[in-house]
Each structure stands twice: as C-alpha cells, then as structure tokens.
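Okay, data-v4.tsv is below, TSV, C-alpha atoms and all ligand atoms:
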chain	number	residue	atom	x	y	z
P	23	MET	CA	12.81	44.17	24.42
P	24	ILE	CA	12.26	40.43	23.89
P	25	GLY	CA	15.76	39.15	24.42
P	26	PRO	CA	17.27	37.29	21.49
P	27	GLY	CA	19.10	35.12	24.01
P	28	ALA	CA	15.99	34.12	25.96
P	29	PRO	CA	16.20	30.32	25.97
P	30	ARG	CA	13.10	28.50	24.72
P	31	LEU	CA	12.16	24.95	25.59
P	32	VAL	CA	10.95	24.24	22.06
P	33	ASP	CA	14.40	24.94	20.59
P	34	ARG	CA	15.80	21.87	22.36
P	35	PRO	CA	15.52	18.49	20.63
P	36	TRP	CA	14.51	15.91	23.23
P	37	PRO	CA	17.98	14.56	24.02
P	38	ASP	CA	18.94	18.13	24.94
P	39	ALA	CA	15.85	18.87	27.05
P	40	GLY	CA	17.80	18.28	30.23
P	41	ARG	CA	16.19	18.97	33.59
P	42	PRO	CA	15.52	22.70	33.52
P	43	VAL	CA	13.27	25.02	35.45
P	44	VAL	CA	10.43	25.66	32.98
P	45	LEU	CA	8.80	29.09	33.08
P	46	VAL	CA	5.37	28.99	31.43
P	47	PRO	CA	3.77	32.35	30.57
P	48	VAL	CA	0.01	32.32	31.15
P	49	GLY	CA	-1.79	35.07	29.24
P	50	SER	CA	-5.12	35.72	27.59
P	51	THR	CA	-6.76	36.52	24.28
P	52	GLU	CA	-9.03	39.39	25.21
P	53	GLN	CA	-9.95	42.92	24.30
P	54	HIS	CA	-7.59	45.59	25.56
P	55	GLY	CA	-9.43	48.70	24.44
P	56	PRO	CA	-9.46	50.13	20.91
P	57	HIS	CA	-5.67	50.64	20.91
P	58	LEU	CA	-3.91	47.55	22.35
P	59	PRO	CA	-3.49	44.06	20.86
P	60	LEU	CA	-5.55	41.10	22.11
P	61	ASP	CA	-2.44	39.29	23.33
P	62	THR	CA	-1.24	42.12	25.59
P	63	ASP	CA	-1.28	39.91	28.71
P	64	THR	CA	0.58	37.12	26.91
P	65	VAL	CA	3.26	39.57	25.73
P	66	VAL	CA	3.77	40.85	29.28
P	67	ALA	CA	3.89	37.37	30.83
P	68	SER	CA	6.35	36.20	28.16
P	69	VAL	CA	8.72	39.12	28.72
P	70	VAL	CA	8.73	38.55	32.49
P	71	ALA	CA	9.27	34.78	32.00
P	72	GLU	CA	12.17	35.44	29.62
P	73	ALA	CA	13.81	37.83	32.07
P	74	LEU	CA	13.46	35.27	34.88
P	75	ALA	CA	14.97	32.52	32.71
P	76	GLU	CA	17.94	34.75	31.87
P	77	ARG	CA	18.49	35.62	35.54
P	78	LEU	CA	18.30	31.98	36.60
P	79	ARG	CA	20.81	31.01	33.93
P	80	ALA	CA	23.12	33.84	35.00
P	81	ALA	CA	22.93	32.31	38.49
P	82	GLY	CA	23.97	28.91	37.10
P	83	VAL	CA	20.49	27.33	37.01
P	84	ASP	CA	19.30	25.74	33.77
P	85	ALA	CA	16.01	27.46	32.86
P	86	VAL	CA	13.86	27.72	29.73
P	87	VAL	CA	10.64	29.45	28.71
P	88	GLY	CA	7.87	27.07	27.68
P	89	PRO	CA	5.29	27.89	25.01
P	90	PRO	CA	2.83	30.39	26.47
P	91	VAL	CA	-0.73	29.51	27.41
P	92	ALA	CA	-2.34	32.09	25.12
P	93	TYR	CA	-5.97	31.50	26.17
P	94	GLY	CA	-7.21	32.25	29.65
P	95	ALA	CA	-10.31	32.95	31.70
P	96	SER	CA	-11.64	36.21	30.29
P	97	GLY	CA	-15.39	35.87	30.64
P	98	GLU	CA	-15.69	39.45	31.89
P	99	HIS	CA	-14.52	40.66	28.44
P	100	GLN	CA	-16.75	38.37	26.38
P	101	ALA	CA	-19.04	41.18	25.18
P	102	PHE	CA	-16.14	42.52	23.08
P	103	ALA	CA	-15.25	40.93	19.73
P	104	GLY	CA	-11.83	39.34	19.54
P	105	THR	CA	-12.04	37.88	23.05
P	106	ILE	CA	-11.58	34.10	23.25
P	107	SER	CA	-12.01	32.78	26.79
P	108	ILE	CA	-11.73	29.12	27.79
P	109	GLY	CA	-13.05	29.83	31.29
P	110	THR	CA	-11.76	28.97	34.73
P	111	GLN	CA	-12.67	25.29	34.70
P	112	ALA	CA	-10.97	24.47	31.40
P	113	LEU	CA	-7.94	26.55	32.33
P	114	THR	CA	-7.70	24.72	35.66
P	115	PHE	CA	-7.58	21.33	33.90
P	116	LEU	CA	-5.11	22.65	31.35
P	117	LEU	CA	-2.75	23.84	34.09
P	118	LEU	CA	-3.12	20.56	36.00
P	119	GLU	CA	-2.29	18.35	33.03
P	120	LEU	CA	0.46	20.68	31.80
P	121	GLY	CA	2.07	20.60	35.24
P	122	ARG	CA	1.76	16.83	35.60
P	123	SER	CA	3.31	16.22	32.19
P	124	ALA	CA	6.18	18.72	32.47
P	125	CYS	CA	7.09	17.50	35.97
P	126	GLU	CA	7.88	14.06	34.52
P	127	TRP	CA	11.22	15.53	33.44
P	128	ALA	CA	11.50	19.19	34.49
P	129	GLU	CA	13.26	20.30	37.66
P	130	ARG	CA	10.41	22.69	38.39
P	131	VAL	CA	7.51	24.46	36.67
P	132	VAL	CA	6.70	28.11	37.38
P	133	PHE	CA	3.59	29.64	35.82
P	134	VAL	CA	4.10	33.35	35.12
P	135	ASN	CA	0.64	34.92	35.03
P	136	GLY	CA	-0.20	38.04	33.04
P	137	HIS	CA	-3.99	38.15	33.50
P	138	GLY	CA	-5.89	38.64	36.75
P	139	GLY	CA	-8.84	36.54	35.54
P	140	ASN	CA	-6.56	33.48	35.54
P	141	VAL	CA	-5.85	33.64	39.26
P	142	GLU	CA	-8.75	31.43	40.34
P	143	ALA	CA	-7.60	28.63	38.01
P	144	LEU	CA	-3.97	28.95	39.15
P	145	ALA	CA	-4.96	29.04	42.82
P	146	THR	CA	-7.00	25.86	42.27
P	147	ALA	CA	-4.63	23.85	40.06
P	148	VAL	CA	-1.24	24.64	41.60
P	149	PRO	CA	-2.08	23.55	45.18
P	150	VAL	CA	-3.34	20.22	43.76
P	151	LEU	CA	-0.04	19.76	41.91
P	152	ILE	CA	1.88	20.62	45.09
P	153	ASP	CA	-0.24	18.06	47.01
P	154	GLU	CA	0.81	15.52	44.40
P	155	ALA	CA	4.44	16.32	45.34
P	156	ARG	CA	5.14	18.08	42.08
P	157	PRO	CA	7.47	21.10	42.19
P	158	VAL	CA	5.11	23.72	40.75
P	159	ALA	CA	4.40	27.34	41.71
P	160	TRP	CA	3.02	30.47	40.12
P	161	LEU	CA	3.63	34.20	40.36
P	162	PRO	CA	1.79	37.30	39.11
P	163	CYS	CA	3.21	40.01	36.85
P	164	VAL	CA	2.77	42.99	39.15
P	165	PRO	CA	4.96	46.07	39.46
P	166	GLY	CA	5.45	45.33	43.11
P	167	ARG	CA	4.77	47.20	46.24
P	168	GLY	CA	4.58	51.00	46.02
P	169	ALA	CA	3.21	51.03	42.51
P	170	GLY	CA	-0.30	51.39	43.83
P	171	GLY	CA	-1.02	47.72	43.46
P	172	PRO	CA	-2.43	45.66	46.29
P	173	ALA	CA	1.04	44.49	47.23
P	174	GLY	CA	2.08	48.12	47.51
P	175	PRO	CA	5.87	49.55	48.40
P	176	ASP	CA	7.76	52.31	48.38
P	177	VAL	CA	9.90	53.12	45.40
P	178	LEU	CA	8.03	53.32	42.13
P	179	ASP	CA	6.22	56.58	41.57
P	180	VAL	CA	4.03	55.46	38.68
P	181	PRO	CA	0.23	55.20	38.82
P	182	VAL	CA	-1.17	51.76	38.06
P	183	ASP	CA	-4.67	51.39	36.63
P	184	ALA	CA	-6.77	48.36	35.93
P	185	HIS	CA	-7.17	47.46	32.27
P	186	ALA	CA	-5.81	48.88	29.01
P	187	GLY	CA	-5.24	52.17	30.84
P	188	ARG	CA	-2.13	54.21	31.46
P	189	SER	CA	0.04	51.51	32.99
P	190	GLU	CA	-0.73	48.67	30.58
P	191	THR	CA	-0.46	50.98	27.57
P	192	SER	CA	2.88	52.30	28.84
P	193	ILE	CA	4.17	48.75	29.27
P	194	LEU	CA	3.19	47.81	25.72
P	195	LEU	CA	4.83	51.02	24.42
P	196	ALA	CA	8.03	49.85	26.10
P	197	LEU	CA	7.78	46.23	24.94
P	198	ASP	CA	6.16	46.30	21.50
P	199	ALA	CA	5.45	49.92	20.47
P	200	GLY	CA	4.73	49.05	16.85
P	201	ARG	CA	1.52	47.30	17.92
P	202	VAL	CA	0.10	50.17	20.01
P	203	LEU	CA	-2.41	52.35	18.13
P	204	LEU	CA	-1.82	55.41	20.26
P	205	ASP	CA	-3.98	57.70	18.11
P	206	ARG	CA	-6.97	55.55	19.12
P	207	ALA	CA	-6.23	55.62	22.84
P	208	GLU	CA	-9.08	57.22	24.76
P	209	PRO	CA	-10.14	57.29	28.41
P	210	GLY	CA	-12.47	54.63	29.70
P	211	ASN	CA	-14.03	54.30	33.12
P	212	ASP	CA	-11.33	55.42	35.52
P	213	ALA	CA	-13.21	54.93	38.76
P	214	PRO	CA	-11.16	52.92	41.28
P	215	ILE	CA	-11.41	49.20	40.54
P	216	GLY	CA	-12.74	48.60	44.05
P	217	GLU	CA	-15.84	50.62	43.17
P	218	LEU	CA	-16.41	48.76	39.90
P	219	ILE	CA	-15.59	45.21	40.83
P	220	GLY	CA	-19.09	44.17	41.94
P	221	GLU	CA	-20.87	45.24	38.77
P	222	LEU	CA	-17.92	44.15	36.68
P	223	ARG	CA	-18.08	40.59	38.05
P	224	GLU	CA	-21.84	40.43	37.65
P	225	ARG	CA	-22.32	42.06	34.26
P	226	GLY	CA	-18.89	42.18	32.64
P	227	VAL	CA	-16.58	45.00	31.57
P	228	ARG	CA	-18.92	46.31	28.89
P	229	ALA	CA	-21.47	47.30	31.57
P	230	VAL	CA	-18.97	49.70	33.12
P	231	SER	CA	-16.90	50.76	30.08
P	232	SER	CA	-18.19	50.92	26.50
P	233	ASN	CA	-14.68	51.00	24.98
P	234	GLY	CA	-13.28	48.27	27.24
P	235	VAL	CA	-10.80	50.58	28.98
P	236	LEU	CA	-10.62	50.86	32.77
P	237	GLY	CA	-8.35	53.85	33.32
P	238	ASP	CA	-6.95	56.52	31.02
P	239	PRO	CA	-4.28	55.53	28.49
P	240	THR	CA	-3.80	59.00	26.98
P	241	ALA	CA	-0.85	59.93	29.21
P	242	ALA	CA	0.97	56.62	28.65
P	243	SER	CA	4.68	56.72	27.85
P	244	ALA	CA	7.38	54.21	26.97
P	245	ASP	CA	9.60	55.53	29.78
P	246	GLU	CA	6.90	54.85	32.33
P	247	GLY	CA	6.35	51.45	30.76
P	248	ALA	CA	10.04	50.59	31.01
P	249	ALA	CA	10.02	51.51	34.71
P	250	LEU	CA	6.89	49.40	35.30
P	251	THR	CA	8.40	46.47	33.40
P	252	ASP	CA	11.62	46.66	35.42
P	253	ALA	CA	9.53	46.75	38.59
P	254	MET	CA	7.49	43.71	37.50
P	255	ILE	CA	10.64	41.76	36.73
P	256	ALA	CA	12.22	42.80	40.04
P	257	ASP	CA	9.09	41.75	41.95
P	258	ALA	CA	8.93	38.39	40.14
P	259	TRP	CA	12.64	37.75	40.71
P	260	ALA	CA	12.30	38.58	44.41
P	261	ARG	CA	9.42	36.10	44.72
P	262	LEU	CA	11.37	33.40	42.89
P	263	GLN	CA	14.49	33.93	44.98
P	264	ARG	CA	12.55	33.89	48.24
P	265	GLY	CA	10.88	30.70	47.15
P	266	ARG	CA	8.05	30.73	49.67
P	267	VAL	CA	4.69	29.52	48.36
P	268	ASP	CA	1.41	30.57	49.96
P	269	GLU	CA	-1.75	28.46	50.30
P	270	ARG	CA	-2.72	29.36	46.70
P	271	GLY	CA	0.55	28.00	45.36
P	272	CYS	CA	1.68	31.58	44.70
P	273	LEU	CA	5.29	32.61	45.29
P	274	ALA	CA	4.98	35.29	47.95
P	275	PRO	CA	6.78	38.63	47.81
P	276	PRO	CA	9.45	39.46	50.37
P	277	SER	CA	7.77	40.96	53.40
P	278	ARG	CA	7.48	44.70	53.66
P	279	GLY	CA	10.21	46.56	55.53
P	280	PRO	CA	13.12	45.08	57.47
P	281	ALA	CA	12.56	41.75	59.16
P	282	VAL	CA	12.41	41.88	62.94
P	283	ASP	CA	13.48	38.85	64.93
P	284	PRO	CA	10.49	38.19	67.23
P	285	THR	CA	12.63	36.83	70.06
P	286	THR	CA	15.44	39.38	70.19
P	287	GLY	CA	13.86	42.37	68.48
P	288	ALA	CA	16.93	42.61	66.25
P	289	VAL	CA	16.38	44.10	62.82
P	290	SER	CA	17.94	42.23	59.92
P	301	ZN	ZN	-4.18	43.08	30.31
structure tokens encoding of this file:
Amino acid sequence: MIGPGAPRLVDRPWPDAGRPVVLVPVGSTEQHGPHLPLDTDTVVASVVAEALAERLRAAGVDAVVGPPVAYGASGEHQAFAGTISIGTQALTFLLLELGRSACEWAERVVFVNGHGGNVEALATAVPVLIDEARPVAWLPCVPGRGAGGPAGPDVLDVPVDAHAGRSETSILLALDAGRVLLDRAEPGNDAPIGELIGELRERGVRAVSSNGVLGDPTAASADEGAALTDAMIADAWARLQRGRVDERGCLAPPSRGPAVDPTTGAVS
C-alpha cells in the first residue's frame, strides 16, 4: 500500500530541494499488543502523509514526505517491553526545532500524527511556531466523523476501538499484513475508553489491560482496514484543503452537515 511514487524529501539532493510542502509523519515506538509491530503508529502516519503528498502533487503543489519522527510520548505504555518514549517535553522541543529549521526553506510544514499521546506536544509546539510566523500545522490520523471517533459522521459503518484492537489491527492488515501476527491476536480490555481514561492516565495501560490491548482484535479484517484507511486519508485531505487551524495548531475538519448562512438562512 506504500506507494512507490510517494515523493520523499531525502531523495532530493540539496539543489533540488525546492520549496515544497513537507509532510512529517509523527509516530511512536510502543507496544501494540502481542500481535502488532511497535511502529504501528509510524506506519499509519507515514501512509497518510504519503497519500497527502500524492494528492497535493496531483493538484500541482510540490510536496514531499519528510523522515518520520519515530519516537513519541508513550509513557502510558512504558510498563511493556519494546516501548521507547521520549515524553511530551522532549517531543515538544523536537517539533519546535524541526519546524524552525524546515521553515527556513520549506513552503509549509504539516505534522501528520499517528499517536494520540503526541497531541499535547503538538498542541504546545505548533501554536508557538505559528506565533513565530512560521507556516506550520498538524492533523490527526482519524477515520473521520461517523466512524465512532470523537469527530463522528455519517458514512463509515466500521467500529473504532482504542488501541491495538479491531480497527488498528484491521488497518495494519490492509497496510502491512506480513507484520501482523494474527494467530496471537486476543481480546484486551474493551470497556469504552471514556471509562478507562482516568485510571489509564494515572497508572498506565498495564493497569487496565495485561496484554496491552484496548479493544478486541479478533474480528479484524483487511477489508475493514482498507475502508478505515481510505476514511483517514479522506479526513486528512479535507482538513488540509479547508486549511483552517484551531487554537491548538490543528487543521480542523469541515463542519458537520451543510453550512447555513447565518444572515440569510441559505444552505450551501
Ligand atoms: Zn497505535
């Protein structure tokens, strides 16, 4: 699924760097249950960034994918071997300096985030960069509204669970099936994330799930993963095209439903 044509910044010698939009995947190195690779979030962020770069180029905009940030803020997974977290503070500084440096020559930098634990660092660093008049923004890899996520619409009839469960396992089956150990997939704690979040923040994932899974990966399928991936890319593309950044520096999704003109009541 990783497009052979996806343009990479590092393939350009410096005289050819140009002034592109640089999409930087931001992932993690953290446990994803007994069946998924540690770089699951980095794989997802990279695929979304590559798709965005291809769409921008198809629209006549020079765009490249930068090397991914493969370490993130994953303290909640630290009780599981394999996890390497640099924490929110270090990630914040990394994003700040990366953005400052790249904006010396890039048209724009867009961080494409694949891990929820990185949001605090992004929401801290990117507004500072924007205050410094640097053209930087970030967006999440979410399947968009309707997929059960917080942003929620209307079309996608696929359940979305929190971590290394059905949705994430399906996505990896679609993107990189050879690295999914499906015979090891087993249910974890599949209580709604809202019920777990307090204890999870305080004591980490291990306190609520001994195998590191939040959800149930056993019904995962590549077809479902392909639909979720398409929905993530569509959501990211809609955010990029709309181009509106919220107070966290995050590219906002198009608003739900048809827009209503507040003065005339006309629906557009
Ligand atoms: Zn993940």
Give me, as a list in words, the set of residues whose atoms come within 6 Å of any atom of ligand ZN 301 (chain P), counting all atoms listed in the file.
Thr62, Asp63, His137 and His185 of chain P
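Interatomic distance, CA of Pro239 (chain P) to CA of Ala103 (chain P): 20.3 Å.
What separates CA of Ala81 (chain P) from CA of Arg130 (chain P) is a distance of 15.8 Å.
Between CA of Gly139 (chain P) and CA of Ala95 (chain P) the interatomic distance comes to 5.5 Å.
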For Glu52 (chain P), which residue among P:Ile215, P:Ala71, P:Val164, P:Val235 is the nearest when counting all atoms listed in the file?
P:Val235
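Considering the residues P:Gln111, P:Asp84, P:Pro59, P:Glu269 and counting only C-alpha atoms, Leu204 (chain P) has its shortest atom-to-atom contact with P:Pro59.
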Protein/DNA/RNA residues near (-6.9, 48.7, 22.1), cut 10 Å, all atoms listed in the file, as JSON, numbers by chain
{"P": [53, 54, 55, 56, 57, 58, 59, 60, 62, 186, 187, 191, 201, 202, 203, 204, 206, 207, 208, 233, 234, 235, 239]}
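Around the point (18.3, 17.6, 32.0), within 12 Å and counting all atoms listed in the file, we find these residues: Leu31, Arg34, Pro35, Trp36, Pro37, Asp38, Ala39, Gly40, Arg41, Pro42, Val43, Val44, Val83, Asp84, Ala85, Val86, Cys125, Glu126, Trp127, Ala128, Glu129 and Arg130 of chain P.
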Determine, counting all atoms listed in the file, which protein, DNA and RNA residues have an atom within 10 Å of an atom of Ala213 (chain P); residues of the same chain fewer than 3 positions away are not included. Present the result as a ChimeraX atom specification.
/P:183-184,210,216-218,230,236-237
With C-alpha atoms retained, could you export that selection as a PDB file, in the coordinates of the input?
ATOM      1  CA  ASP P 183      -4.670  51.390  36.630  1.00  0.00           C
ATOM      2  CA  ALA P 184      -6.770  48.360  35.930  1.00  0.00           C
ATOM      3  CA  GLY P 210     -12.470  54.630  29.700  1.00  0.00           C
ATOM      4  CA  GLY P 216     -12.740  48.600  44.050  1.00  0.00           C
ATOM      5  CA  GLU P 217     -15.840  50.620  43.170  1.00  0.00           C
ATOM      6  CA  LEU P 218     -16.410  48.760  39.900  1.00  0.00           C
ATOM      7  CA  VAL P 230     -18.970  49.700  33.120  1.00  0.00           C
ATOM      8  CA  LEU P 236     -10.620  50.860  32.770  1.00  0.00           C
ATOM      9  CA  GLY P 237      -8.350  53.850  33.320  1.00  0.00           C
TER      10      GLY P 237
END
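When only C-alpha atoms are used to compute distances to Ile219 (chain P), the closest of the residues P:Ser50, P:Gly200, P:Arg266, P:Glu98 turns out to be P:Glu98.
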Residues at most 10 Å from Trp259 (chain P), counting only C-alpha atoms, excluding those fewer than 2 positions away in the same chain, as a ChimeraX atom specification?
/P:70-71,73-75,77-78,161,253-257,261-265,275
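Comparing P:Ile108, P:Leu197, P:Val158, P:Ile152 by their smallest distance to Ala124 (chain P), the closest is P:Val158 (using all atoms listed in the file).
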For Val148 (chain P), please output as a ChimeraX atom specification all residues within 12 Å (counting only C-alpha atoms; exclusion window: fewer than 3 positions along the same chain).
/P:113-122,131-133,140-145,151-161,267-273
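Using only C-alpha atoms for every distance, the candidate list P:Val182, P:Arg228, P:Ala199, P:Cys163 yields P:Val182 as the residue closest to Pro214 (chain P).
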